[in-house]
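Novice: The following file, work32.txt, comprises compact mmCIF, C-alpha atoms:
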# COMPACT_ATOMS: atom_id res chain seq x y z
CA MET A 8 110.27 108.59 73.34
CA LYS A 9 110.63 109.83 69.77
CA LYS A 10 107.68 112.18 70.22
CA PHE A 11 109.19 113.51 73.47
CA ILE A 12 112.51 114.27 71.71
CA GLU A 13 110.61 116.01 68.91
CA SER A 14 108.72 118.10 71.46
CA ILE A 15 111.98 119.14 73.15
CA SER A 16 113.45 120.14 69.78
CA ASN A 17 110.29 122.12 69.00
CA VAL A 18 110.80 124.14 72.19
CA TRP A 19 113.95 125.70 70.73
CA LYS A 20 112.22 126.47 67.45
CA ILE A 21 109.87 128.91 69.21
CA GLU A 22 111.93 132.05 69.78
CA GLU A 23 109.66 133.49 72.48
CA LEU A 24 109.48 130.23 74.42
CA LYS A 25 113.25 129.71 74.17
CA ASN A 26 113.92 133.22 75.49
CA ARG A 27 111.49 132.73 78.36
CA ILE A 28 113.17 129.46 79.37
CA LEU A 29 116.64 131.03 79.23
CA ILE A 30 115.47 134.01 81.32
CA THR A 31 113.94 131.63 83.87
CA LEU A 32 117.12 129.56 84.13
CA GLY A 33 119.25 132.70 84.45
CA LEU A 34 117.17 134.19 87.26
CA LEU A 35 117.07 130.85 89.08
CA LEU A 36 120.86 130.70 88.81
CA VAL A 37 121.10 134.15 90.41
CA TYR A 38 118.89 132.97 93.27
CA ARG A 39 121.00 129.87 93.84
CA PHE A 40 124.18 131.94 93.78
CA GLY A 41 122.80 134.27 96.45
CA ALA A 42 121.99 131.30 98.69
CA HIS A 43 125.74 130.72 99.10
CA VAL A 44 126.64 134.34 99.97
CA THR A 45 127.14 134.54 103.75
CA LEU A 46 125.99 137.58 105.71
CA PRO A 47 128.80 140.15 106.10
CA GLY A 48 130.40 139.92 109.52
CA ILE A 49 130.06 136.13 109.93
CA ASP A 50 132.91 133.66 109.58
CA ALA A 51 131.61 131.10 107.08
CA THR A 52 134.00 128.45 108.44
CA GLN A 53 132.26 128.41 111.84
CA LEU A 54 128.71 127.53 110.78
CA THR A 55 128.89 123.90 111.95
CA GLY A 56 126.52 124.51 114.86
CA LEU A 57 123.93 126.13 112.62
CA ALA A 58 124.16 123.25 110.14
CA GLY A 59 123.62 120.78 112.98
CA GLN A 60 120.55 122.69 114.14
CA THR A 61 118.91 122.31 110.72
CA LYS A 62 119.20 118.54 110.52
CA ASN A 63 115.90 117.93 112.31
CA GLY A 64 112.70 119.70 113.28
CA LEU A 65 111.60 123.12 112.07
CA GLY A 66 115.13 124.03 111.04
CA SER A 67 115.28 121.22 108.50
CA ILE A 68 112.04 122.36 106.87
CA LEU A 69 113.15 126.00 106.69
CA ASP A 70 116.53 124.97 105.35
CA MET A 71 114.88 122.82 102.69
CA PHE A 72 112.58 125.60 101.49
CA THR A 73 115.50 128.04 101.29
CA GLY A 74 117.75 125.58 99.47
CA GLY A 75 120.30 125.45 102.29
CA ALA A 76 120.50 129.25 102.68
CA PHE A 77 119.15 129.05 106.24
CA SER A 78 122.00 126.84 107.45
CA LYS A 79 124.60 128.93 105.59
CA ALA A 80 123.56 132.24 107.24
CA SER A 81 123.04 133.51 103.70
CA VAL A 82 121.66 136.84 102.51
CA PHE A 83 118.70 134.71 101.34
CA ALA A 84 118.42 132.92 104.71
CA LEU A 85 114.72 133.78 105.03
CA GLY A 86 114.15 132.99 101.37
CA ILE A 87 110.73 133.59 99.92
CA MET A 88 108.87 132.24 102.95
CA PRO A 89 107.87 135.68 104.36
CA TYR A 90 106.15 136.36 101.05
CA ILE A 91 104.33 133.03 101.24
CA SER A 92 103.21 133.85 104.80
CA ALA A 93 102.01 137.29 103.70
CA SER A 94 100.09 135.79 100.78
CA ILE A 95 98.33 133.33 103.08
CA VAL A 96 97.43 136.08 105.56
CA VAL A 97 96.02 138.34 102.82
CA GLN A 98 94.05 135.45 101.35
CA LEU A 99 92.51 134.57 104.72
CA MET A 100 91.82 138.23 105.53
CA GLY A 101 89.97 138.48 102.23
CA ILE A 102 87.25 136.30 103.74
CA ALA A 103 86.48 138.71 106.57
CA ILE A 104 87.50 142.18 105.31
CA PRO A 105 85.04 143.74 102.83
CA TYR A 106 87.72 146.00 101.29
CA LEU A 107 89.84 143.00 100.27
CA GLN A 108 86.73 141.20 99.00
CA LYS A 109 86.01 144.23 96.80
CA LEU A 110 89.57 144.20 95.47
CA GLN A 111 89.29 140.50 94.63
CA ASN A 112 86.26 141.30 92.45
CA ASP A 113 87.83 144.33 90.73
CA GLY A 114 89.76 142.33 88.17
CA GLU A 115 93.28 143.36 87.16
CA SER A 116 93.31 146.66 89.09
CA GLY A 117 92.20 144.90 92.27
CA ARG A 118 94.82 142.20 91.80
CA LYS A 119 97.57 144.84 91.53
CA LYS A 120 96.45 146.49 94.78
CA ILE A 121 96.35 143.11 96.55
CA ASN A 122 99.87 142.37 95.30
CA GLN A 123 101.03 145.72 96.68
CA ILE A 124 99.44 144.97 100.07
CA THR A 125 101.14 141.57 100.05
CA ARG A 126 104.53 143.16 99.35
CA TRP A 127 104.26 145.60 102.24
CA LEU A 128 103.10 142.83 104.56
CA THR A 129 106.09 140.77 103.41
CA ILE A 130 108.43 143.55 104.51
CA ALA A 131 106.69 143.75 107.89
CA ILE A 132 106.97 140.00 108.44
CA THR A 133 110.64 140.02 107.41
CA LEU A 134 111.36 142.84 109.87
CA VAL A 135 110.08 140.52 112.61
CA GLN A 136 111.73 137.33 111.37
CA GLY A 137 115.08 139.02 110.64
CA PRO A 138 115.98 139.89 114.26
CA THR A 139 114.67 136.47 115.33
CA TYR A 140 117.06 134.79 112.91
CA ILE A 141 119.98 136.94 114.15
CA TYR A 142 119.10 136.05 117.75
CA ASN A 143 119.19 132.38 116.75
CA LEU A 144 122.69 132.95 115.33
CA TYR A 145 123.76 134.45 118.67
CA ARG A 146 122.52 131.33 120.48
CA THR A 147 123.96 128.83 118.00
CA LEU A 148 127.32 130.15 116.80
CA PRO A 149 130.42 130.77 118.92
CA GLY A 150 131.40 134.36 119.68
CA SER A 151 134.45 134.11 117.43
CA ALA A 152 132.14 133.58 114.41
CA PHE A 153 131.06 137.24 114.60
CA LEU A 154 133.82 139.29 112.98
CA LEU A 155 132.37 142.61 114.17
CA GLY A 156 132.04 141.40 117.72
CA PHE A 157 129.43 139.39 119.61
CA ASN A 158 126.10 141.28 119.94
CA SER A 159 127.47 144.13 117.84
CA PRO A 160 124.74 146.75 117.08
CA GLU A 161 126.35 147.38 113.69
CA PHE A 162 126.10 143.70 112.79
CA LEU A 163 122.49 143.44 114.01
CA PHE A 164 121.31 146.50 112.08
CA SER A 165 123.14 145.71 108.84
CA SER A 166 122.14 142.02 108.91
CA VAL A 167 118.44 142.78 109.37
CA ILE A 168 118.57 145.26 106.47
CA ILE A 169 120.36 142.68 104.30
CA LEU A 170 117.88 139.93 105.20
CA VAL A 171 114.94 142.20 104.35
CA THR A 172 116.62 143.22 101.10
CA GLY A 173 117.34 139.57 100.28
CA THR A 174 113.70 138.61 100.70
CA ILE A 175 112.54 141.58 98.60
CA PHE A 176 115.07 140.69 95.90
CA ALA A 177 113.92 137.04 95.93
CA MET A 178 110.32 138.25 95.65
CA TRP A 179 111.34 140.45 92.70
CA LEU A 180 113.07 137.50 91.03
CA GLY A 181 109.93 135.41 91.40
CA GLU A 182 107.72 138.12 89.89
CA LYS A 183 110.13 138.63 87.00
CA ILE A 184 110.14 134.90 86.27
CA THR A 185 106.33 134.91 86.20
CA ASP A 186 106.26 138.00 83.95
CA LYS A 187 109.22 137.39 81.62
CA GLY A 188 109.91 133.68 82.06
CA ILE A 189 107.92 130.47 82.19
CA GLY A 190 105.93 129.08 85.10
CA ASN A 191 105.06 130.59 88.48
CA GLY A 192 108.21 132.35 89.68
CA ILE A 193 107.63 132.14 93.44
CA SER A 194 106.80 128.44 93.24
CA LEU A 195 109.85 127.78 91.05
CA LEU A 196 112.13 129.45 93.61
CA ILE A 197 110.78 127.15 96.31
CA MET A 198 111.05 124.08 94.09
CA VAL A 199 114.65 124.87 93.12
CA GLY A 200 115.52 125.30 96.79
CA ILE A 201 114.03 121.90 97.59
CA LEU A 202 115.72 120.20 94.63
CA ALA A 203 119.07 121.65 95.71
CA ARG A 204 118.97 119.36 98.75
CA LEU A 205 118.11 116.24 96.75
CA PRO A 206 121.62 115.25 95.52
CA GLN A 207 123.16 115.54 98.99
CA ALA A 208 120.33 113.56 100.57
CA PHE A 209 120.64 110.79 97.97
CA ILE A 210 124.44 110.63 98.35
CA GLN A 211 124.05 110.22 102.12
CA GLU A 212 121.53 107.42 101.60
CA PHE A 213 123.76 105.76 98.97
CA THR A 214 126.73 105.92 101.33
CA THR A 215 124.72 104.40 104.16
CA ARG A 216 123.28 101.57 102.05
CA VAL A 217 126.16 100.66 99.76
CA THR A 218 129.43 101.96 101.19
CA ASN A 219 128.58 101.09 104.80
CA ASN A 220 126.81 97.89 103.68
CA ASN A 221 123.60 98.76 105.53
CA GLY A 222 121.06 96.92 103.40
CA GLY A 223 123.05 96.85 100.18
CA PRO A 224 122.26 98.21 96.70
CA MET A 225 119.10 96.08 96.37
CA LEU A 226 117.39 97.93 99.23
CA LEU A 227 118.45 101.23 97.64
CA VAL A 228 116.81 100.17 94.37
CA ILE A 229 113.63 99.29 96.26
CA GLU A 230 113.67 102.73 97.88
CA ILE A 231 113.97 104.41 94.48
CA ILE A 232 111.05 102.36 93.13
CA VAL A 233 108.91 103.31 96.13
CA TRP A 234 109.90 106.95 95.66
CA LEU A 235 108.86 106.89 92.00
CA LEU A 236 105.54 105.28 92.91
CA VAL A 237 104.89 108.02 95.48
CA ILE A 238 105.65 110.65 92.83
CA ILE A 239 103.15 108.99 90.48
CA ALA A 240 100.57 109.02 93.29
CA CYS A 241 101.21 112.73 93.87
CA VAL A 242 100.74 113.42 90.15
CA LEU A 243 97.42 111.57 90.19
CA LEU A 244 96.35 113.46 93.32
CA THR A 245 97.26 116.81 91.76
CA MET A 246 95.56 116.21 88.41
CA ALA A 247 92.52 114.17 89.48
CA VAL A 248 89.20 115.93 88.83
CA ARG A 249 85.53 115.07 89.05
CA ARG A 250 83.77 116.27 85.90
CA ILE A 251 80.27 117.66 86.39
CA PRO A 252 78.43 117.70 83.04
CA VAL A 253 76.89 121.04 82.08
CA GLN A 254 74.48 121.83 79.26
CA TYR A 255 73.70 125.23 77.76
CA ALA A 256 70.36 126.12 76.25
CA ARG A 257 70.48 126.61 72.48
CA ARG A 258 68.11 129.42 71.54
CA THR A 259 66.48 129.14 68.12
CA THR A 260 64.08 131.58 66.47
CA THR A 261 61.06 130.33 64.55
CA GLY A 262 58.63 132.93 63.26
CA ASP A 263 57.44 135.19 66.09
CA TYR A 264 58.66 133.05 68.99
CA GLU A 265 61.80 131.62 70.40
CA GLN A 266 62.35 128.10 71.61
CA ASP A 267 65.05 126.81 74.01
CA LEU A 268 66.53 123.46 73.16
CA ALA A 269 68.66 121.81 75.82
CA GLY A 270 72.00 120.47 74.76
CA GLY A 271 73.18 123.25 72.48
CA ASN A 272 76.67 123.16 73.99
CA ARG A 273 77.91 120.53 76.39
CA GLN A 274 80.77 121.27 78.75
CA TRP A 275 82.15 120.22 82.11
CA ILE A 276 82.80 121.77 85.50
CA PRO A 277 86.07 120.23 86.72
CA LEU A 278 86.11 119.86 90.51
CA LYS A 279 89.61 118.96 91.68
CA LEU A 280 90.09 116.09 94.09
CA ASN A 281 92.71 118.18 95.90
CA ALA A 282 91.40 121.70 95.39
CA SER A 283 93.35 123.07 98.36
CA GLY A 284 96.76 122.02 97.02
CA VAL A 285 99.60 122.08 99.53
CA MET A 286 98.04 124.73 101.80
CA PRO A 287 96.55 122.29 104.38
CA ILE A 288 100.02 120.80 104.94
CA ILE A 289 101.52 124.27 105.40
CA PHE A 290 98.80 125.29 107.87
CA ALA A 291 99.11 122.02 109.79
CA GLN A 292 102.90 122.26 109.83
CA ALA A 293 102.70 125.73 111.39
CA ILE A 294 100.27 124.55 114.07
CA MET A 295 102.44 121.53 114.94
CA PHE A 296 105.20 123.71 116.38
CA ILE A 297 102.87 125.47 118.83
CA PRO A 298 102.41 122.61 121.39
CA ALA A 299 106.15 122.11 121.81
CA ALA A 300 106.73 125.87 122.13
CA VAL A 301 103.98 126.30 124.75
CA ALA A 302 104.93 123.17 126.70
CA GLY A 303 108.57 124.26 126.67
CA LEU A 304 107.66 127.16 128.96
CA SER A 305 107.04 124.69 131.78
CA LYS A 306 109.52 122.31 133.37
CA SER A 307 107.03 119.65 134.51
CA ASP A 308 107.36 116.04 133.41
CA THR A 309 104.13 116.22 131.41
CA SER A 310 105.30 119.32 129.56
CA GLN A 311 108.65 117.76 128.77
CA SER A 312 106.95 114.64 127.40
CA ILE A 313 104.80 116.84 125.16
CA VAL A 314 107.91 118.65 123.97
CA GLY A 315 109.55 115.33 123.18
CA ALA A 316 106.51 113.98 121.32
CA PHE A 317 105.98 117.09 119.17
CA SER A 318 109.67 117.66 118.50
CA ASN A 319 110.07 114.28 116.81
CA MET A 320 108.80 114.76 113.25
CA PHE A 321 108.99 111.01 112.66
CA GLY A 322 107.20 109.94 115.84
CA PHE A 323 103.72 108.38 116.03
CA TRP A 324 101.86 111.08 117.97
CA TYR A 325 103.35 113.91 115.95
CA ASN A 326 102.23 112.34 112.66
CA PHE A 327 98.83 111.26 114.03
CA VAL A 328 97.98 114.83 115.05
CA PHE A 329 99.60 116.14 111.88
CA ALA A 330 97.43 113.94 109.64
CA THR A 331 94.28 114.88 111.58
CA LEU A 332 95.01 118.59 111.16
CA ILE A 333 95.62 118.13 107.44
CA ILE A 334 92.20 116.50 107.00
CA VAL A 335 90.51 119.31 108.94
CA PHE A 336 92.35 122.09 107.10
CA THR A 337 91.66 120.46 103.73
CA PHE A 338 87.91 120.78 104.31
CA PHE A 339 88.34 124.30 105.72
CA TYR A 340 90.54 125.62 102.91
CA THR A 341 88.43 123.97 100.20
CA ALA A 342 85.30 125.58 101.68
CA ILE A 343 86.79 129.08 101.50
CA THR A 344 88.51 128.77 98.12
CA VAL A 345 85.90 126.90 96.07
CA PRO A 346 82.92 129.31 95.75
CA THR A 347 80.11 126.93 94.85
CA ASN A 348 77.54 129.75 95.23
CA LYS A 349 79.39 131.92 92.71
CA MET A 350 79.83 128.97 90.37
CA ALA A 351 76.07 128.32 90.46
CA ASP A 352 75.24 132.00 89.87
CA ASP A 353 77.67 132.28 86.95
CA LEU A 354 76.25 129.11 85.44
CA LYS A 355 72.70 130.43 85.74
CA ARG A 356 73.58 133.80 84.18
CA SER A 357 75.23 132.11 81.21
CA GLY A 358 72.19 129.96 80.55
CA GLY A 359 73.80 126.73 81.67
CA PHE A 360 72.49 124.01 83.95
CA ILE A 361 73.46 120.63 85.34
CA PRO A 362 71.18 117.92 83.91
CA GLY A 363 68.61 116.90 86.52
CA VAL A 364 69.43 119.81 88.86
CA ARG A 365 67.54 123.10 89.01
CA PRO A 366 69.57 126.29 88.48
CA GLY A 367 70.28 128.54 91.45
CA ALA A 368 70.32 127.35 95.07
CA GLU A 369 69.78 123.69 94.17
CA THR A 370 72.81 123.75 91.85
CA SER A 371 74.91 125.36 94.59
CA ASP A 372 73.86 122.68 97.09
CA PHE A 373 74.61 119.95 94.56
CA LEU A 374 78.10 121.30 93.83
CA ASP A 375 78.78 121.72 97.55
CA LYS A 376 77.71 118.12 98.22
CA VAL A 377 79.88 116.73 95.41
CA MET A 378 82.81 118.85 96.58
CA SER A 379 82.47 117.48 100.12
CA LEU A 380 82.28 113.88 98.87
CA ILE A 381 85.44 114.13 96.77
CA THR A 382 87.32 116.22 99.36
CA PHE A 383 87.14 113.45 101.97
CA PRO A 384 89.17 110.83 100.04
CA GLY A 385 91.38 113.65 98.75
CA SER A 386 92.14 114.77 102.31
CA LEU A 387 92.93 111.19 103.39
CA PHE A 388 95.28 110.76 100.44
CA LEU A 389 96.95 114.11 101.16
CA ALA A 390 97.40 113.19 104.83
CA LEU A 391 98.90 109.84 103.85
CA ILE A 392 101.43 111.49 101.55
CA ALA A 393 102.27 114.05 104.26
CA VAL A 394 103.14 111.39 106.86
CA PHE A 395 104.74 108.97 104.39
CA PRO A 396 108.29 110.14 105.26
CA ALA A 397 107.74 108.90 108.81
CA ILE A 398 106.42 105.59 107.45
CA VAL A 399 109.50 104.93 105.30
CA VAL A 400 111.79 105.89 108.19
CA SER A 401 110.13 103.41 110.56
CA ILE A 402 109.71 100.57 108.03
CA MET A 403 112.76 100.90 105.76
CA ASP A 404 115.15 102.76 108.10
CA VAL A 405 115.70 105.50 105.51
CA GLN A 406 117.92 108.49 106.31
CA GLN A 407 115.74 111.38 107.49
CA SER A 408 117.11 113.84 104.92
CA TRP A 409 116.28 111.39 102.09
CA ALA A 410 112.92 110.48 103.66
CA MET A 411 111.75 114.11 103.35
CA PHE A 412 111.50 113.59 99.57
CA PHE A 413 109.08 110.67 99.98
CA GLY A 414 106.16 112.96 100.73
CA GLY A 415 105.11 115.99 102.71
CA THR A 416 105.17 119.59 101.56
CA SER A 417 108.33 119.25 99.51
CA LEU A 418 107.08 116.51 97.19
CA ILE A 419 103.63 118.07 96.70
CA ILE A 420 105.25 121.40 95.80
CA MET A 421 107.72 119.82 93.36
CA VAL A 422 105.02 117.82 91.58
CA GLY A 423 102.56 120.73 91.43
CA VAL A 424 105.11 123.23 90.12
CA ALA A 425 106.50 120.76 87.59
CA ILE A 426 103.02 120.00 86.23
CA ASP A 427 102.13 123.71 85.99
CA THR A 428 105.37 124.57 84.19
CA ILE A 429 105.06 121.65 81.76
CA GLN A 430 101.47 122.66 80.97
CA GLN A 431 102.58 126.21 80.14
CA ILE A 432 105.35 124.93 77.87
CA ASN A 433 102.90 122.54 76.23
CA SER A 434 100.51 125.44 75.56
CA TYR A 435 103.22 127.20 73.58
CA LEU A 436 103.93 124.03 71.64
CA LEU A 437 100.28 123.45 70.83
CA ASN A 438 99.84 127.04 69.66
CA LYS A 439 102.97 127.21 67.53
CA HIS A 440 103.43 123.59 66.41
CA TYR A 441 99.91 122.21 66.20
CA ASP A 442 100.57 120.27 63.00
CA GLY A 443 103.78 118.79 64.36
CA LEU A 444 102.12 117.41 67.48
CA MET A 445 98.73 116.37 66.10
CA LYS A 446 99.78 113.70 63.61
CA THR A 447 96.26 112.98 62.41
CA GLY A 448 94.99 116.55 62.36
CA LYS A 449 94.44 118.64 59.26
CA ASN A 450 96.85 121.34 58.26
CA ARG A 451 95.68 124.77 59.37
CA LYS A 452 96.47 126.34 56.04
CA ALA A 453 94.44 123.70 54.25
CA VAL A 454 91.48 124.40 56.54
CA ALA A 455 91.76 128.14 55.93
Write the structure described by the file as structure tokens, please.
Specialist:
Amino acid sequence: MKKFIESISNVWKIEELKNRILITLGLLLVYRFGAHVTLPGIDATQLTGLAGQTKNGLGSILDMFTGGAFSKASVFALGIMPYISASIVVQLMGIAIPYLQKLQNDGESGRKKINQITRWLTIAITLVQGPTYIYNLYRTLPGSAFLLGFNSPEFLFSSVIILVTGTIFAMWLGEKITDKGIGNGISLLIMVGILARLPQAFIQEFTTRVTNNNGGPMLLVIEIIVWLLVIIACVLLTMAVRRIPVQYARRTTTGDYEQDLAGGNRQWIPLKLNASGVMPIIFAQAIMFIPAAVAGLSKSDTSQSIVGAFSNMFGFWYNFVFATLIIVFTFFYTAITVPTNKMADDLKRSGGFIPGVRPGAETSDFLDKVMSLITFPGSLFLALIAVFPAIVVSIMDVQQSWAMFFGGTSLIIMVGVAIDTIQQINSYLLNKHYDGLMKTGKNRKAVA
């Protein structure tokens, strides 16, 4: 604890790090303020129907990722999600389109062009989602909620422009946090939106357990302990790696010939247990809304039963299919994002090799085999965490809003972003306060 307090105090001793943290907090505060600014032309006192729509299903997920902006008909109602969708599309298109593949290999210049393509695609996606959101407002809110008149062209046009501008501004905030602040800006915006719902969800659960005497404070304590254990499991899943030992040939010169001696430098290739991160859950979540939407076009009994099964996010069949899709997408996304062939080629060019494995194709096959072996338990663990909210609802009768923090996309995102941000802060501390953290290390000046 003493070391932790010293590390926190050291943060404020580094002027650059302190400024970056303050800039990050300031920009996040601007984003949270915008989430409470209602679209012009809407009566903010008549949003009860929209709030009720976001208690369950897709609406609850969108509202969580936008920090409540979706249910408030805010200027940030679409949040940063169009940018996330555009990023996923560009990343997947990079597999099949040679031009994008070339940009990915062009270094910094290629990355800038890809970012520009992603921005334009974000605007295009927002121009589609904006009118859809306004149409949902027409269906959900009473006519008196529209101050400019129901189905007013002026309201439709201005609201779409504001929603597009809000998404672009949120995207700009995220990029500025990444550039001038600390951590990944886009991820931090999502995490802050998710965390904004945490106090309200906990208060509702506390009221149900303690005030209404539904289980009592002891059951609430048990829930908190389980929640902390799940967080620890997510941390282990995020940070777990399989280390593949690598040796580099040490070249020595003796007379007129050179001799290679294995073991000159020994390093590791870290293969992550969950190399795909949260993307399989996002892909699976998007697919899960298709069956209900397609079945809803028919009025037959079978179609209605399908709609009922896939509309209940805490039901058995929904979570069974959801978990299966996560396992499949984990293997798929890992296969396209972990280039074992490129890793083997880079290792061969640098004079490195895996002990007992020949360089080249055999190394690539070995890495691919190891990646497949560790991806399987990783996918099972990821699927378990994704469906854990449904488990705690059925076993412990937890409120659905509070159960969403026991797993799924929200918890994986919060843990991953928190770890990444802490690692960046720690890098600053290690660079600027090495002697203060390493108690047994030698003083740099003495070494010099």
Novice: Tell me, in Å to one decimal, how far atom CA of Ala282 of chain A is from atom CA of Leu389 of chain A.
Specialist: 11.0 Å
Novice: Can you work out the spacing between atom CA of Leu278 of chain A and atom CA of Arg249 of chain A in Å, to one decimal?
Specialist: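 Between these atoms lies a distance of 5.0 Å.
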Novice: Report as a ChimeraX atom specification all protein, DNA and RNA residues lying within 12 Å of segment 132-146 of chain A, evaluated on all atoms listed in the file, omitting residues in the same chain fewer than 5 positions from it.
Specialist: /A:46,48-50,53-58,60-61,66,69,77-94,96,125-127,151-153,156-160,162-175,178
Novice: Dump C-alpha atoms for the selected residues as a short mmCIF file (atom, residue, chain, number, x, y, z; two decimals), keeping the file's coordinate frame?
Specialist:
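This went into again.cif:
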data_model
loop_
_atom_site.label_atom_id
_atom_site.label_comp_id
_atom_site.auth_asym_id
_atom_site.auth_seq_id
_atom_site.Cartn_x
_atom_site.Cartn_y
_atom_site.Cartn_z
CA LEU A 46 125.99 137.58 105.71
CA GLY A 48 130.40 139.92 109.52
CA ILE A 49 130.06 136.13 109.93
CA ASP A 50 132.91 133.66 109.58
CA GLN A 53 132.26 128.41 111.84
CA LEU A 54 128.71 127.53 110.78
CA THR A 55 128.89 123.90 111.95
CA GLY A 56 126.52 124.51 114.86
CA LEU A 57 123.93 126.13 112.62
CA ALA A 58 124.16 123.25 110.14
CA GLN A 60 120.55 122.69 114.14
CA THR A 61 118.91 122.31 110.72
CA GLY A 66 115.13 124.03 111.04
CA LEU A 69 113.15 126.00 106.69
CA PHE A 77 119.15 129.05 106.24
CA SER A 78 122.00 126.84 107.45
CA LYS A 79 124.60 128.93 105.59
CA ALA A 80 123.56 132.24 107.24
CA SER A 81 123.04 133.51 103.70
CA VAL A 82 121.66 136.84 102.51
CA PHE A 83 118.70 134.71 101.34
CA ALA A 84 118.42 132.92 104.71
CA LEU A 85 114.72 133.78 105.03
CA GLY A 86 114.15 132.99 101.37
CA ILE A 87 110.73 133.59 99.92
CA MET A 88 108.87 132.24 102.95
CA PRO A 89 107.87 135.68 104.36
CA TYR A 90 106.15 136.36 101.05
CA ILE A 91 104.33 133.03 101.24
CA SER A 92 103.21 133.85 104.80
CA ALA A 93 102.01 137.29 103.70
CA SER A 94 100.09 135.79 100.78
CA VAL A 96 97.43 136.08 105.56
CA THR A 125 101.14 141.57 100.05
CA ARG A 126 104.53 143.16 99.35
CA TRP A 127 104.26 145.60 102.24
CA SER A 151 134.45 134.11 117.43
CA ALA A 152 132.14 133.58 114.41
CA PHE A 153 131.06 137.24 114.60
CA GLY A 156 132.04 141.40 117.72
CA PHE A 157 129.43 139.39 119.61
CA ASN A 158 126.10 141.28 119.94
CA SER A 159 127.47 144.13 117.84
CA PRO A 160 124.74 146.75 117.08
CA PHE A 162 126.10 143.70 112.79
CA LEU A 163 122.49 143.44 114.01
CA PHE A 164 121.31 146.50 112.08
CA SER A 165 123.14 145.71 108.84
CA SER A 166 122.14 142.02 108.91
CA VAL A 167 118.44 142.78 109.37
CA ILE A 168 118.57 145.26 106.47
CA ILE A 169 120.36 142.68 104.30
CA LEU A 170 117.88 139.93 105.20
CA VAL A 171 114.94 142.20 104.35
CA THR A 172 116.62 143.22 101.10
CA GLY A 173 117.34 139.57 100.28
CA THR A 174 113.70 138.61 100.70
CA ILE A 175 112.54 141.58 98.60
CA MET A 178 110.32 138.25 95.65
#
Novice: Do a neighbour search on Ile124 of chain A at 12 Å with only C-alpha atoms, toss out local chain neighbours closer than 6 positions, and write the hits as a VMD selection string.
Specialist: chain A and resid 90 93 to 94 96 to 98 100 to 101 106 to 107 110 117 to 118 130 to 131
Novice: Within 12 Å of Val364 of chain A, counting only C-alpha atoms, which residues qualify if same-chain residues fewer than 6 places away don't, as a PyMOL selection string?
Specialist: chain A and resi 251-254+351+355+370-374
Novice: Could you check how far atom CA of Leu227 of chain A sits from atom CA of Leu202 of chain A, in Å to one decimal?
Specialist: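 According to the coordinates, atom CA of Leu227 of chain A and atom CA of Leu202 of chain A are separated by 19.4 Å.
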Novice: Which residue out of A:Thr309, A:Ser357, A:Asn220, A:Asn191 has the minimum interatomic distance to Asp427 of chain A when only C-alpha atoms are used?
Specialist: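 Selected residue with least distance to Asp427 of chain A: A:Asn191.
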Novice: Any idea what's packed within 7 Å of segment 406-415 of chain A, counting all atoms listed in the file, ignoring anything in its chain fewer than 5 positions away? Could you give it as a ChimeraX atom specification?
Specialist: /A:208-209,212,234,237,392-396,399-400
Novice: Please identify all polymer residues within 12 Å of Leu196 of chain A, counting all atoms listed in the file, omitting same-chain residues fewer than 4 positions from it, and present them as JSON, numbers by chain.
Specialist: {"A": [31, 32, 34, 35, 36, 37, 38, 39, 42, 71, 72, 73, 74, 83, 86, 87, 88, 90, 91, 174, 176, 177, 178, 179, 180, 181, 182, 183, 184, 185, 190, 191, 192, 200, 201, 202, 203, 420, 421, 424, 425]}
Novice: Looking at A:Met320, A:Ile334, A:Ile361, A:Ile313, which one is nearest to Gln274 of chain A, with distances taken over only C-alpha atoms?
Specialist: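 Using only C-alpha atoms, Gln274 of chain A sits closest to A:Ile361.
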Novice: Tell me which of A:Ile197, A:Met246, A:Asn326, A:Pro224 sits closest to Asp70 of chain A, counting all atoms listed in the file.
Specialist: A:Ile197
Novice: Mind giving me the axis-aligned box for segment 97-112 of chain A with 8 Å on every side, centre plus edges in Å to one decimal, as AutoDock Vina command-line options?
Specialist:
--center_x 90.5 --center_y 140.3 --center_z 99.5 --size_x 27.0 --size_y 27.4 --size_z 30.1
Novice: Have a look at A:Phe336, A:Trp275, A:Phe213, A:Phe40 and name the one nearest to Ala293 of chain A; count all atoms listed in the file.
Specialist: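 Of A:Phe336, A:Trp275, A:Phe213, A:Phe40, the one nearest Ala293 of chain A, counting all atoms listed in the file, is A:Phe336.
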Novice: Out of A:Gln111, A:Ser379, A:Ser116, A:Met403, which residue has the shortest atom-to-atom distance to Gly222 of chain A when counting all atoms listed in the file?
Specialist: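 Among the listed residues, the smallest separation from Gly222 of chain A belongs to A:Met403.
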Novice: Just checking: using all atoms listed in the file, which residue out of A:Gly75, A:Pro384, A:Pro149, A:Gly423 ends up closest to Arg204 of chain A?
Specialist: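 Result for the nearest residue to Arg204 of chain A: A:Gly75.
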